[in-house]
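Asks: What follows is a single structure, and I will ask about it in a moment.
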Amino acid sequence: MDHLSQIIDRFTLQAGVFYTGKLCGLSSFKDDNALEGHIHLLRSGTLSIVGLNKQKIVLDKPSLIFLPRPLKHGLQAREIDNAELICATLSYGSSTSSLLADTLPDLLILPLEQSPFLQTNIDWIIQEASEEDQQGRQAVMNRLMEIFIINMIRSLLHNGELAQGMLSGLMHPQLKKVLQAIHNAPEKTWTLEVMAETAAMSRSKFAEVFKNVIDQTPNEYLIHWRVGVAQTLLKQGKSVSFVANSVGYETASALARIFRKTCGLSPKEWLDSL
């Protein structure tokens with residue numbers, strides 16, 4: 001499996017289309033859901049985005065508005081603006097911070113004319129949205145939106161628009177070797193020395209470069225990846241002991257300590273909170 005697919009699979013990227021149609025008035029979105037972002041596709045008309053550091057952004061061309069993490073904002077349009085929208089939520093299958101979410105920009109506004117290949121995905125969503133009596137319409141729109149998000153992330157990677165984070169690390173000629181090795185075998189003993197050797201760098205240089213590119217220390221990244229894998233396995237019904245061994249901890253209690261430190265909950269409490 002390629003590594004972008006592996007990451008998306010680990011974090012259970014999910015989209016939910018909740019609105020298609022014309023906007024008239026103000027729709028507000030809060031930032032109280034710890035791991036839910038938003039995507040708004042302006043199909044036509046004029047739209048104002050408000051509440052972003054008290055800025056008002058006016059769009060009058062078909063555009064993508066992507067907020068991968070919770071960010072308080074509002075969408076506003078008058079009837080004469082003829083703003084046609086598709087809106088969706090974005091979640092990562094976890095109740096804690098996501099390495100995938102954290103690697104993406106706070107806000108991305110992209111005129112769709114700059115990415116014509118994304119327009120094909122949008123056309124599919126629009127076509128499905130118009131089929132109001134079609135069975136499975138909602139499920140198909142959600143899946144198409146997920147495909148759109150993956151293609152958008154591909155585009156960001158290809159164009160070098162991700163300055164920091166895990167995805168940026170996967171484009172680094174030396175760090176990618178370490179990240180891929182950790183992703184493939186989180187159960188191994190990953191000391192700083194082993195990671196540096198894998199990257200063919202000195203320990204001090206490796207630690208410095210890793211922090212600058214990933215915006216985490218190597219150990220912080222390792223812990224977050226292991227916890228993310230553990231969450232996936234726990235949701236599959238695996239025992240805490242099995243999960244602990246699968247991500248590099250000798251005992252269930254050792255995993256529980258890391259889990260509580262990272263998530264604020266024990267593995268069982270985390271499962272019960274879903």
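By order of appearance in the structure tokens: chains A, B, ..., then residues from 1 within every chain, and ligands from 1 in the order shown.
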Based on DSSP run over this structure's backbone, return all residues of stretch 37-236 of chain A in strand (DSSP E or B), as a PyMOL selection string.
Replies: chain A and resi 37-44+47-52+55-59+63-67+73-77+83-91+108-111
Asks: I need the chosen residues saved as a short mmCIF file (atom, residue, chain, number, x, y, z; two decimals), in the first residue's frame, with N, CA and C atoms.
Replies:
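Writing the result to out23.cif gives the following:
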data_model
loop_
_atom_site.label_atom_id
_atom_site.label_comp_id
_atom_site.auth_asym_id
_atom_site.auth_seq_id
_atom_site.Cartn_x
_atom_site.Cartn_y
_atom_site.Cartn_z
N GLY A 37 -13.64 18.99 10.75
CA GLY A 37 -13.43 20.13 9.88
C GLY A 37 -14.59 20.31 8.93
N HIS A 38 -14.46 21.28 8.04
CA HIS A 38 -15.53 21.56 7.08
C HIS A 38 -14.96 21.81 5.68
N ILE A 39 -15.75 21.44 4.71
CA ILE A 39 -15.49 21.76 3.31
C ILE A 39 -16.73 22.43 2.75
N HIS A 40 -16.52 23.57 2.11
CA HIS A 40 -17.61 24.26 1.42
C HIS A 40 -17.20 24.45 -0.03
N LEU A 41 -18.03 24.04 -0.93
CA LEU A 41 -17.78 24.22 -2.36
C LEU A 41 -18.76 25.26 -2.89
N LEU A 42 -18.24 26.39 -3.29
CA LEU A 42 -19.07 27.42 -3.92
C LEU A 42 -19.17 27.10 -5.40
N ARG A 43 -20.36 26.64 -5.81
CA ARG A 43 -20.57 26.25 -7.20
C ARG A 43 -20.74 27.45 -8.11
N SER A 44 -21.46 28.48 -7.62
CA SER A 44 -21.73 29.67 -8.42
C SER A 44 -22.20 30.79 -7.48
N LEU A 47 -20.24 34.75 -2.38
CA LEU A 47 -20.32 34.28 -0.99
C LEU A 47 -19.33 35.04 -0.13
N SER A 48 -19.75 35.38 1.09
CA SER A 48 -18.85 36.02 2.06
C SER A 48 -18.55 35.02 3.17
N ILE A 49 -17.27 34.92 3.54
CA ILE A 49 -16.85 34.11 4.68
C ILE A 49 -16.53 35.09 5.81
N VAL A 50 -17.16 34.91 6.96
CA VAL A 50 -16.98 35.85 8.07
C VAL A 50 -16.50 35.09 9.30
N GLY A 51 -15.95 35.86 10.25
CA GLY A 51 -15.56 35.27 11.53
C GLY A 51 -14.16 34.71 11.59
N LEU A 52 -13.40 34.79 10.51
CA LEU A 52 -12.02 34.30 10.49
C LEU A 52 -11.11 35.44 10.91
N GLN A 55 -11.94 38.85 9.85
CA GLN A 55 -11.82 39.20 8.45
C GLN A 55 -13.09 38.81 7.70
N LYS A 56 -13.36 39.51 6.64
CA LYS A 56 -14.45 39.14 5.75
C LYS A 56 -13.85 38.88 4.38
N ILE A 57 -14.05 37.66 3.88
CA ILE A 57 -13.51 37.26 2.59
C ILE A 57 -14.69 37.08 1.62
N VAL A 58 -14.62 37.74 0.49
CA VAL A 58 -15.70 37.68 -0.50
C VAL A 58 -15.21 36.88 -1.71
N LEU A 59 -15.97 35.85 -2.07
CA LEU A 59 -15.64 35.02 -3.23
C LEU A 59 -16.73 35.18 -4.28
N SER A 63 -15.27 28.13 -5.99
CA SER A 63 -14.10 28.00 -5.13
C SER A 63 -14.30 26.89 -4.10
N LEU A 64 -13.18 26.39 -3.63
CA LEU A 64 -13.14 25.46 -2.51
C LEU A 64 -12.74 26.22 -1.26
N ILE A 65 -13.49 26.01 -0.17
CA ILE A 65 -13.12 26.54 1.15
C ILE A 65 -12.90 25.33 2.05
N PHE A 66 -11.67 25.11 2.47
CA PHE A 66 -11.31 23.91 3.21
C PHE A 66 -10.76 24.30 4.58
N LEU A 67 -11.43 23.82 5.63
CA LEU A 67 -11.00 24.03 7.01
C LEU A 67 -10.84 22.65 7.65
N HIS A 73 -16.53 29.97 12.07
CA HIS A 73 -16.68 30.79 10.87
C HIS A 73 -18.14 30.83 10.46
N GLY A 74 -18.44 31.70 9.52
CA GLY A 74 -19.80 31.81 9.01
C GLY A 74 -19.79 32.02 7.50
N LEU A 75 -20.87 31.59 6.86
CA LEU A 75 -21.07 31.81 5.44
C LEU A 75 -22.28 32.72 5.27
N GLN A 76 -22.14 33.73 4.43
CA GLN A 76 -23.20 34.72 4.30
C GLN A 76 -23.44 35.06 2.84
N ALA A 77 -24.73 35.17 2.49
CA ALA A 77 -25.08 35.55 1.12
C ALA A 77 -26.47 36.16 1.12
N ALA A 83 -25.84 32.34 -4.38
CA ALA A 83 -24.75 31.47 -3.94
C ALA A 83 -25.22 30.03 -3.84
N GLU A 84 -24.68 29.17 -4.69
CA GLU A 84 -25.00 27.74 -4.68
C GLU A 84 -23.84 26.98 -4.03
N LEU A 85 -24.18 26.18 -3.01
CA LEU A 85 -23.14 25.55 -2.20
C LEU A 85 -23.33 24.05 -2.05
N ILE A 86 -22.21 23.38 -1.80
CA ILE A 86 -22.21 22.02 -1.27
C ILE A 86 -21.35 22.07 -0.01
N CYS A 87 -21.90 21.63 1.11
CA CYS A 87 -21.17 21.70 2.38
C CYS A 87 -21.05 20.31 2.99
N ALA A 88 -19.89 20.04 3.58
CA ALA A 88 -19.65 18.73 4.18
C ALA A 88 -18.78 18.86 5.42
N THR A 89 -18.97 17.91 6.34
CA THR A 89 -18.08 17.80 7.48
C THR A 89 -16.96 16.82 7.13
N LEU A 90 -15.87 16.92 7.87
CA LEU A 90 -14.71 16.06 7.67
C LEU A 90 -14.25 15.56 9.03
N SER A 91 -14.16 14.25 9.21
CA SER A 91 -13.69 13.68 10.47
C SER A 91 -12.62 12.63 10.20
N LEU A 108 -7.76 26.81 3.61
CA LEU A 108 -7.36 26.80 2.20
C LEU A 108 -8.54 27.30 1.37
N ILE A 109 -8.31 28.33 0.59
CA ILE A 109 -9.30 28.82 -0.36
C ILE A 109 -8.70 28.69 -1.74
N LEU A 110 -9.34 27.89 -2.57
CA LEU A 110 -8.77 27.55 -3.87
C LEU A 110 -9.79 27.79 -4.98
N PRO A 111 -9.55 28.79 -5.85
CA PRO A 111 -10.43 28.94 -7.03
C PRO A 111 -10.35 27.67 -7.87
#
Asks: Could you tell me, as a list of chain:residue names, which residues of stretch 35-137 of chain A DSSP assigns to alpha helix (DSSP H) when given the backbone?
Replies: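 Of stretch 35-137 of chain A, the ones in alpha helix (DSSP H) are A:Leu99, A:Leu100, A:Ala101, A:Asp102, A:Pro116, A:Phe117, A:Leu118, A:Gln119, A:Thr120, A:Asn121, A:Ile122, A:Asp123, A:Trp124, A:Ile125, A:Ile126, A:Gln127, A:Glu128, A:Ala129, A:Ser130, A:Arg137.
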Asks: Using only C-alpha atoms, determine which residues lie at most 12 Å from A:Ala181, disregarding the query and same-chain residues fewer than 3 positions distant; provide the list as a list in words.
Replies: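 Close residues of A:Ala181: His3, Leu170, Gln174, Leu175, Lys176, Lys177, Val178, Asn184, Ala185, Pro186, Glu187, Lys188, Thr189, Trp190, Val194, Met195, Ala196, Glu197, Thr198, Ala199, Leu222 and Trp225 of chain A.
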Asks: Keeping N, CA and C atoms, export the residues of the selection given above as a short mmCIF file (atom, residue, chain, number, x, y, z; two decimals), in the first residue's frame.
Replies:
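Final output, again-v6.cif:
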data_model
loop_
_atom_site.label_atom_id
_atom_site.label_comp_id
_atom_site.auth_asym_id
_atom_site.auth_seq_id
_atom_site.Cartn_x
_atom_site.Cartn_y
_atom_site.Cartn_z
N HIS A 3 1.95 5.13 0.86
CA HIS A 3 1.93 5.66 2.22
C HIS A 3 0.81 6.68 2.46
N LEU A 170 6.87 13.04 4.51
CA LEU A 170 6.88 11.95 3.52
C LEU A 170 7.46 12.39 2.18
N GLN A 174 15.15 12.12 3.24
CA GLN A 174 15.69 11.28 4.32
C GLN A 174 14.63 10.93 5.37
N LEU A 175 13.82 11.90 5.75
CA LEU A 175 12.83 11.65 6.78
C LEU A 175 11.78 10.64 6.33
N LYS A 176 11.49 10.62 5.04
CA LYS A 176 10.45 9.70 4.57
C LYS A 176 10.81 8.25 4.86
N LYS A 177 12.11 7.93 4.85
CA LYS A 177 12.53 6.56 5.15
C LYS A 177 12.17 6.18 6.58
N VAL A 178 12.33 7.12 7.49
CA VAL A 178 12.02 6.87 8.90
C VAL A 178 10.51 6.76 9.10
N ASN A 184 5.16 1.23 9.03
CA ASN A 184 5.09 -0.20 8.70
C ASN A 184 5.32 -1.10 9.91
N ALA A 185 6.06 -0.61 10.90
CA ALA A 185 6.40 -1.46 12.05
C ALA A 185 6.41 -0.64 13.34
N PRO A 186 5.26 -0.17 13.79
CA PRO A 186 5.23 0.64 15.02
C PRO A 186 5.63 -0.14 16.26
N GLU A 187 5.62 -1.48 16.17
CA GLU A 187 5.94 -2.32 17.33
C GLU A 187 7.44 -2.41 17.59
N LYS A 188 8.28 -1.98 16.66
CA LYS A 188 9.72 -2.06 16.84
C LYS A 188 10.21 -1.08 17.91
N THR A 189 11.41 -1.32 18.42
CA THR A 189 12.03 -0.41 19.40
C THR A 189 12.67 0.75 18.63
N TRP A 190 11.98 1.89 18.66
CA TRP A 190 12.42 3.04 17.87
C TRP A 190 13.11 4.06 18.76
N VAL A 194 18.27 4.63 16.43
CA VAL A 194 17.78 3.78 15.35
C VAL A 194 17.13 4.63 14.26
N MET A 195 16.34 5.62 14.66
CA MET A 195 15.70 6.50 13.67
C MET A 195 16.75 7.25 12.86
N ALA A 196 17.75 7.79 13.55
CA ALA A 196 18.79 8.56 12.86
C ALA A 196 19.56 7.67 11.89
N GLU A 197 19.86 6.45 12.28
CA GLU A 197 20.55 5.52 11.38
C GLU A 197 19.71 5.22 10.15
N THR A 198 18.40 5.07 10.36
CA THR A 198 17.50 4.79 9.23
C THR A 198 17.50 5.96 8.24
N ALA A 199 17.64 7.17 8.77
CA ALA A 199 17.67 8.36 7.92
C ALA A 199 19.07 8.67 7.39
N LEU A 222 6.29 9.42 17.19
CA LEU A 222 6.16 7.97 17.39
C LEU A 222 4.99 7.65 18.30
N TRP A 225 1.67 8.31 16.46
CA TRP A 225 1.38 7.28 15.46
C TRP A 225 0.94 5.99 16.14
#
Asks: Using Å and a single decimal, report how far atom CA of A:Gln180 sits from atom CA of A:Gly228.
Replies: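 Separation between atom CA of A:Gly228 and atom CA of A:Gln180: 14.9 Å.
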Asks: Between A:Ser241, A:Leu192, A:Arg137, A:Tyr221, which residue has the minimum interatomic distance to A:Ala207, considering only C-alpha atoms?
Replies: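 Among A:Ser241, A:Leu192, A:Arg137, A:Tyr221, it is A:Leu192 that comes nearest to A:Ala207.
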Asks: Just the residues within 12 Å of A:Ser239, please, counting only C-alpha atoms, with nothing from its chain fewer than 3 positions along; format it as an MDAnalysis selection string.
Replies: chainID A and resid 230:236 242:246 251:252 255 267:268 271
